[in-house]
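Q: Pasting in a structure now, in structure tokens, and then I'll have a few things to ask.
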Amino acid sequence: MVWVVGESEAKQMSTTTQPSTDDANENRPAKDERLRQFLREQAADGELYFKSKFIADEVGLSPKEIGALMVKLRDSCPGLEIEKWSYTSATTWRVEPA
């Protein structure tokens with residue numbers, strides 16, 4: 001589950017699991033680009049708070065990969081403000097348009 005918090009509302013989104021195949025992976029964007037695109041789309045209307053394990057299936061990455069990429073994207077993703085927001089059993093990330 002991902003909690004997306006906008007200016008005046010909060011909505012809950014569920015994630016779906018999609019099977020991975022070698023053919024599908026050849027046509028997919030790079031890992032960092034998939035995550036960057038997901039963050040831009042989800043944060044377009046305001047703040048986004050999430051834990052990596054709740055978006056892993058949606059972006060096709062493991063929670064560990066997401067955590068490592070978030071650290072890199074924090075300094076290299078213009079247009080997004082990325083913050084390690086809190087830690088309660090897993091890191092919560094806060095993302096908003098810059």
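Labeling convention for the structure tokens: chains A, B, ... as they appear, residues from 1 per chain, ligands from 1 in order of appearance.
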Near segment 68-80 of chain A, within 6 Å and counting only C-alpha atoms, which residues show up once chain neighbours fewer than 6 positions away are dropped, as a PDB file with C-alpha atoms, in the first residue's frame?

A:
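result.pdb, freshly written:
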ATOM      1  CA  GLU A  96       7.367  16.702  -3.388  1.00  0.00           C
ATOM      2  CA  PRO A  97       7.762  18.821  -6.490  1.00  0.00           C
ATOM      3  CA  ALA A  98      10.596  21.343  -6.098  1.00  0.00           C
TER       4      ALA A  98
END

Q: Between A:Tyr49, A:Glu58, A:Gly67, A:Ala44, which residue has the minimum interatomic distance to Ser86 of chain A, considering only C-alpha atoms?

A: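 Selected residue with least distance to Ser86 of chain A: A:Tyr49.
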